[in-house]
Amino acid sequence: MAEIFDPKPAVQKGFEIDERILRLAEKAEESCAERFAEIDRTARVNGEKVLKAFIDNKVSAACMTGTAGYGYGDVGRDTLDAVYAQIFGGEDALVRHNFVSGTHALTCALFGVLRSGDKLVSLTGSPYDTLEEVIGIRGKGNGSLADFGVSYDQVELLPDGKPDLAEIFNKAKDAKVAYIQRSRGYSLRPALTVDGIAELVKAAKGANPNIYVIVDNCYGEFVESKEPLQAGADLIVGSLIKNPGAGIAETGGYIAGSKKLVEQCAYRLTCVGMGKEVGCSLNQNKSMYQGIFFAPEVVANALKTAVFTEEIMSLCHFKCYPEKGEKRGDIITAVLMKDKESLIAFCQGVQKGSPVDSYVLPEPWDMPGYDSQVIMAAGTFNTGSSIELSADAPLREPFAAYVQGGLTFAAGRMGILTALQEMFDRHCLKLF
């Protein structure tokens, strides 16, 4: 059929969206009904688990009040650690607003556990871009793990993007820490489910029973009813401006798992001998409690947005990862664009459908920690919050937009529709 670019737009509650895009949205939602129901069932299980942790640890009004100064005896901070430990199945946890990002929390974990002469091995191929300088893959002499005498190796992924269990067994034998990145990051490889992580842990510990397994759990919390500590991991690490903060926590991160290892990480965050005993919570406790409480439902909305994105973009003939029907390990949908122009149009369209800064036009820029320009659409209440609807991508082949988040499905859905409309208006999308 002929390509058409000048239809009269249909208006849906004040949004000018082409009627053909609206029809595609309706069809996509009908196809997603069964998966939406499964997401709701998982959210209920996780919501009950969170509620039980609040009750068991006697969360009180006093826990919402912050402290200043050294933070000695901060009951809210210490109780929140216990709540996180129970929710995620760990012996202990370190939940702090002082973590400025997920990468910062991961850095504290790696530096907390590793020592000079130790070896770190990544079981999931190349790590996320911002960890490359932390490890010492890029940049020398800046205080990386390599500068402190920690060696590094990685197990390359198989051609289908899955971990190489046989090679993991070989390379884990002389390593102190095995690192697993649960999410796909800026790649098209599958995100790991908890069962998938269990296979990697089994392979690594089968070769080396003394190895510590640290999982970057970012984007994966509450996607399933189980977490990686239940799969045998020793530590899990994440950011509070992703899943567990629910768009309410203003900043922060967490580390959970082995009590011994959490203490070592706390020594890295503050100082040796003080660890978790110091660090005032200021006015952050309440938002962190509310964040983890709402997280199962908010993650469910983000998952519905992700599944809807996958469905409607597939109807528009764009390749998506994960593919329809594939079990999810995180909240991200990668949409493979045809060129740089389509990628930019999509991200700028998401921005136009955002609740904050909708009038801003995101442009590619040299973002610190990345080796290529990155465009980031994120009209969020908390800057950089990835549990709120966002779409970002490095401007390099294969020109994939990584879509994540959605505090509510209604807003997430509309953000994707405005992105499609923007692509159509710029002749990057055909409608029939």
# chains A, B, ... in the order shown; residues from 1 in each chain; ligands from 1
call {"tool": "select_by_dssp", "arguments": {"residues": "region 162-287 of chain A", "states": "helix (DSSP H, G or I)", "output": "number ranges by chain"}}
result
A: 165-171, 194-207, 228-231, 243-245, 259-269, 275-277, 285-287
call {"tool": "write_last_selection", "arguments": {"atoms": "N, CA and C atoms", "output": "tab-separated table (two decimals), in the first residue's frame"}}
result
chain	number	residue	atom	x	y	z
A	165	LEU	N	28.59	-21.63	29.74
A	165	LEU	CA	28.75	-22.31	31.02
A	165	LEU	C	30.06	-23.08	31.10
A	166	ALA	N	30.48	-23.68	30.01
A	166	ALA	CA	31.73	-24.45	30.02
A	166	ALA	C	32.92	-23.53	30.26
A	167	GLU	N	32.93	-22.37	29.61
A	167	GLU	CA	34.04	-21.43	29.78
A	167	GLU	C	33.98	-20.76	31.16
A	168	ILE	N	32.79	-20.58	31.69
A	168	ILE	CA	32.66	-20.06	33.06
A	168	ILE	C	33.34	-21.01	34.03
A	169	PHE	N	33.12	-22.28	33.86
A	169	PHE	CA	33.75	-23.29	34.73
A	169	PHE	C	35.28	-23.17	34.67
A	170	ASN	N	35.81	-22.93	33.46
A	170	ASN	CA	37.27	-22.84	33.30
A	170	ASN	C	37.84	-21.56	33.93
A	171	LYS	N	37.18	-20.43	33.70
A	171	LYS	CA	37.75	-19.15	34.11
A	171	LYS	C	37.46	-18.79	35.57
A	194	VAL	N	16.19	-15.33	37.14
A	194	VAL	CA	16.79	-15.86	38.36
A	194	VAL	C	17.24	-17.31	38.13
A	195	ASP	N	16.46	-18.08	37.40
A	195	ASP	CA	16.88	-19.46	37.09
A	195	ASP	C	18.14	-19.46	36.24
A	196	GLY	N	18.25	-18.50	35.33
A	196	GLY	CA	19.47	-18.39	34.52
A	196	GLY	C	20.67	-18.05	35.36
A	197	ILE	N	20.49	-17.16	36.33
A	197	ILE	CA	21.58	-16.80	37.24
A	197	ILE	C	22.00	-18.00	38.05
A	198	ALA	N	21.04	-18.84	38.47
A	198	ALA	CA	21.35	-20.04	39.24
A	198	ALA	C	22.29	-20.97	38.46
A	199	GLU	N	22.11	-21.05	37.14
A	199	GLU	CA	22.99	-21.89	36.32
A	199	GLU	C	24.42	-21.35	36.32
A	200	LEU	N	24.55	-20.03	36.25
A	200	LEU	CA	25.89	-19.42	36.25
A	200	LEU	C	26.56	-19.61	37.61
A	201	VAL	N	25.80	-19.43	38.69
A	201	VAL	CA	26.35	-19.62	40.03
A	201	VAL	C	26.82	-21.06	40.21
A	202	LYS	N	26.01	-21.99	39.75
A	202	LYS	CA	26.36	-23.41	39.86
A	202	LYS	C	27.65	-23.72	39.11
A	203	ALA	N	27.80	-23.16	37.91
A	203	ALA	CA	29.01	-23.40	37.12
A	203	ALA	C	30.24	-22.80	37.80
A	204	ALA	N	30.12	-21.56	38.29
A	204	ALA	CA	31.26	-20.89	38.91
A	204	ALA	C	31.66	-21.56	40.22
A	205	LYS	N	30.68	-21.87	41.06
A	205	LYS	CA	31.00	-22.47	42.36
A	205	LYS	C	31.34	-23.94	42.23
A	206	GLY	N	30.91	-24.56	41.14
A	206	GLY	CA	31.32	-25.93	40.88
A	206	GLY	C	32.82	-26.02	40.59
A	207	ALA	N	33.33	-24.97	39.94
A	207	ALA	CA	34.76	-24.91	39.64
A	207	ALA	C	35.56	-24.40	40.83
A	228	PRO	N	18.15	-12.95	43.01
A	228	PRO	CA	19.38	-13.73	42.80
A	228	PRO	C	20.02	-14.32	44.04
A	229	LEU	N	19.79	-13.74	45.23
A	229	LEU	CA	20.35	-14.36	46.44
A	229	LEU	C	19.76	-15.75	46.65
A	230	GLN	N	18.54	-15.95	46.21
A	230	GLN	CA	17.90	-17.26	46.31
A	230	GLN	C	18.43	-18.23	45.26
A	231	ALA	N	19.22	-17.71	44.33
A	231	ALA	CA	19.85	-18.55	43.31
A	231	ALA	C	21.31	-18.86	43.67
A	243	ASN	N	14.28	0.17	40.00
A	243	ASN	CA	13.11	-0.55	40.51
A	243	ASN	C	12.78	-0.36	41.98
A	244	PRO	N	13.71	-0.56	42.91
A	244	PRO	CA	13.31	-0.57	44.33
A	244	PRO	C	12.95	0.79	44.91
A	245	GLY	N	13.24	1.87	44.18
A	245	GLY	CA	12.88	3.20	44.67
A	245	GLY	C	11.53	3.66	44.19
A	259	LYS	N	26.41	-11.31	55.34
A	259	LYS	CA	26.69	-10.32	56.38
A	259	LYS	C	28.16	-9.89	56.37
A	260	LYS	N	29.05	-10.85	56.22
A	260	LYS	CA	30.48	-10.55	56.18
A	260	LYS	C	30.82	-9.62	55.02
A	261	LEU	N	30.29	-9.92	53.85
A	261	LEU	CA	30.62	-9.12	52.67
A	261	LEU	C	29.96	-7.75	52.71
A	262	VAL	N	28.74	-7.69	53.23
A	262	VAL	CA	28.08	-6.39	53.37
A	262	VAL	C	28.89	-5.48	54.28
A	263	GLU	N	29.44	-6.03	55.35
A	263	GLU	CA	30.27	-5.24	56.26
A	263	GLU	C	31.51	-4.71	55.54
A	264	GLN	N	32.13	-5.55	54.71
A	264	GLN	CA	33.30	-5.10	53.97
A	264	GLN	C	32.93	-3.97	52.99
A	265	CYS	N	31.77	-4.07	52.41
A	265	CYS	CA	31.31	-3.02	51.49
A	265	CYS	C	31.03	-1.72	52.26
A	266	ALA	N	30.48	-1.86	53.46
A	266	ALA	CA	30.22	-0.68	54.29
A	266	ALA	C	31.52	0.00	54.69
A	267	TYR	N	32.58	-0.78	54.93
A	267	TYR	CA	33.89	-0.21	55.23
A	267	TYR	C	34.41	0.61	54.06
A	268	ARG	N	34.07	0.17	52.85
A	268	ARG	CA	34.50	0.92	51.67
A	268	ARG	C	33.70	2.21	51.51
A	269	LEU	N	32.39	2.15	51.82
A	269	LEU	CA	31.55	3.33	51.68
A	269	LEU	C	31.91	4.41	52.69
A	275	GLY	N	32.02	1.51	59.26
A	275	GLY	CA	31.07	0.83	58.39
A	275	GLY	C	29.65	1.35	58.49
A	276	LYS	N	28.72	0.44	58.83
A	276	LYS	CA	27.29	0.76	58.86
A	276	LYS	C	26.87	1.60	60.06
A	277	GLU	N	27.74	1.74	61.03
A	277	GLU	CA	27.36	2.43	62.27
A	277	GLU	C	27.28	3.94	62.12
A	285	ASN	N	14.87	8.94	54.81
A	285	ASN	CA	14.30	7.66	55.23
A	285	ASN	C	12.89	7.42	54.68
A	286	LYS	N	12.02	8.39	54.84
A	286	LYS	CA	10.62	8.20	54.46
A	286	LYS	C	10.48	7.85	52.98
A	287	SER	N	11.18	8.57	52.12
A	287	SER	CA	11.06	8.30	50.69
A	287	SER	C	11.63	6.93	50.33
call {"tool": "residues_around", "arguments": {"residues": "His97 (chain A)", "least_positions_apart": "4", "cutoff": "8 Å", "atoms": "only C-alpha atoms", "output": "ChimeraX atom specification"}}
result
/A:251-253,281,284
call {"tool": "write_last_selection", "arguments": {"atoms": "N, CA and C atoms", "output": "PDB file, in the first residue's frame"}}
result
ATOM      1  N   THR A 251      17.272   9.337  45.647  1.00  0.00           N
ATOM      2  CA  THR A 251      18.630   8.942  45.282  1.00  0.00           C
ATOM      3  C   THR A 251      18.962   7.679  46.055  1.00  0.00           C
ATOM      4  N   GLY A 252      20.166   7.135  45.848  1.00  0.00           N
ATOM      5  CA  GLY A 252      20.609   6.032  46.689  1.00  0.00           C
ATOM      6  C   GLY A 252      20.795   4.710  45.978  1.00  0.00           C
ATOM      7  N   GLY A 253      21.258   3.741  46.758  1.00  0.00           N
ATOM      8  CA  GLY A 253      21.485   2.397  46.252  1.00  0.00           C
ATOM      9  C   GLY A 253      21.488   1.408  47.395  1.00  0.00           C
ATOM     10  N   SER A 281      20.967   9.849  57.992  1.00  0.00           N
ATOM     11  CA  SER A 281      19.999   9.638  56.923  1.00  0.00           C
ATOM     12  C   SER A 281      19.340  10.925  56.458  1.00  0.00           C
ATOM     13  N   GLN A 284      15.936  11.447  54.217  1.00  0.00           N
ATOM     14  CA  GLN A 284      15.726  10.502  53.127  1.00  0.00           C
ATOM     15  C   GLN A 284      14.993   9.221  53.523  1.00  0.00           C
TER      16      GLN A 284
END
call {"tool": "atom_distance", "arguments": {"atom1": "CA of Ala28 (chain A)", "atom2": "CA of Leu315 (chain A)"}}
result
7.8 Å
call {"tool": "residues_around", "arguments": {"residues": "Lys226 (chain A)", "least_positions_apart": "6", "cutoff": "9 Å", "atoms": "only C-alpha atoms", "output": "PyMOL selection string"}}
result
chain A and resi 46+88-89+194
call {"tool": "write_last_selection", "arguments": {"atoms": "C-alpha atoms", "output": "PDB file, in the first residue's frame"}}
result
ATOM      1  CA  ASN A  46       6.069  -9.419  45.849  1.00  0.00           C
ATOM      2  CA  PHE A  88      15.794  -9.985  49.039  1.00  0.00           C
ATOM      3  CA  GLY A  89      16.671 -13.051  51.114  1.00  0.00           C
ATOM      4  CA  VAL A 194      16.795 -15.865  38.358  1.00  0.00           C
TER       5      VAL A 194
END
call {"tool": "atom_distance", "arguments": {"atom1": "CA of Leu80 (chain A)", "atom2": "CA of Val299 (chain A)"}}
result
19.7 Å
call {"tool": "select_by_dssp", "arguments": {"residues": "region 94-234 of chain A", "states": "strand (DSSP E)", "output": "JSON, numbers by chain"}}
result
{"A": [94, 95, 96, 119, 120, 121, 122, 151, 152, 153, 154, 177, 178, 179, 180, 181, 212, 213, 214, 215, 216]}
call {"tool": "atom_distance", "arguments": {"atom1": "CA of Ile135 (chain A)", "atom2": "CA of Ala178 (chain A)"}}
result
13.1 Å
call {"tool": "closest_residue", "arguments": {"among": "A:Lys304, A:Ala233, A:Ala400, A:Ala411", "to": "Glu34 (chain A)", "atoms": "only C-alpha atoms"}}
result
A:Lys304
call {"tool": "closest_residue", "arguments": {"among": "A:Arg77, A:Arg189, A:Lys52, A:Lys176", "to": "Glu323 (chain A)", "atoms": "only C-alpha atoms"}}
result
A:Arg189
call {"tool": "closest_residue", "arguments": {"among": "A:Lys340, A:His427, A:Glu132, A:Met313", "to": "Ile21 (chain A)", "atoms": "only C-alpha atoms"}}
result
A:Met313
call {"tool": "closest_atom_pairs", "arguments": {"of": "region 230-348 of chain A", "to": "region 358-367 of chain A", "cutoff": "8 Å", "atoms": "only C-alpha atoms", "output": "tab-separated table"}}
result
residue	atom	partner	partner_atom	distance
A:Ile344	CA	A:Glu363	CA	7.7
A:Cys347	CA	A:Pro362	CA	7.7
A:Gln348	CA	A:Pro362	CA	6.0
call {"tool": "write_last_selection", "arguments": {"atoms": "C-alpha atoms", "output": "CSV table (one decimal), in the first residue's frame"}}
result
chain,number,residue,atom,x,y,z
A,344,ILE,CA,16.7,10.3,17.7
A,347,CYS,CA,13.7,9.2,22.0
A,348,GLN,CA,12.6,12.8,21.4
call {"tool": "closest_residue", "arguments": {"among": "A:Glu397, A:Glu388, A:Glu326, A:Asp74", "to": "Gln351 (chain A)", "atoms": "only C-alpha atoms"}}
result
A:Glu388
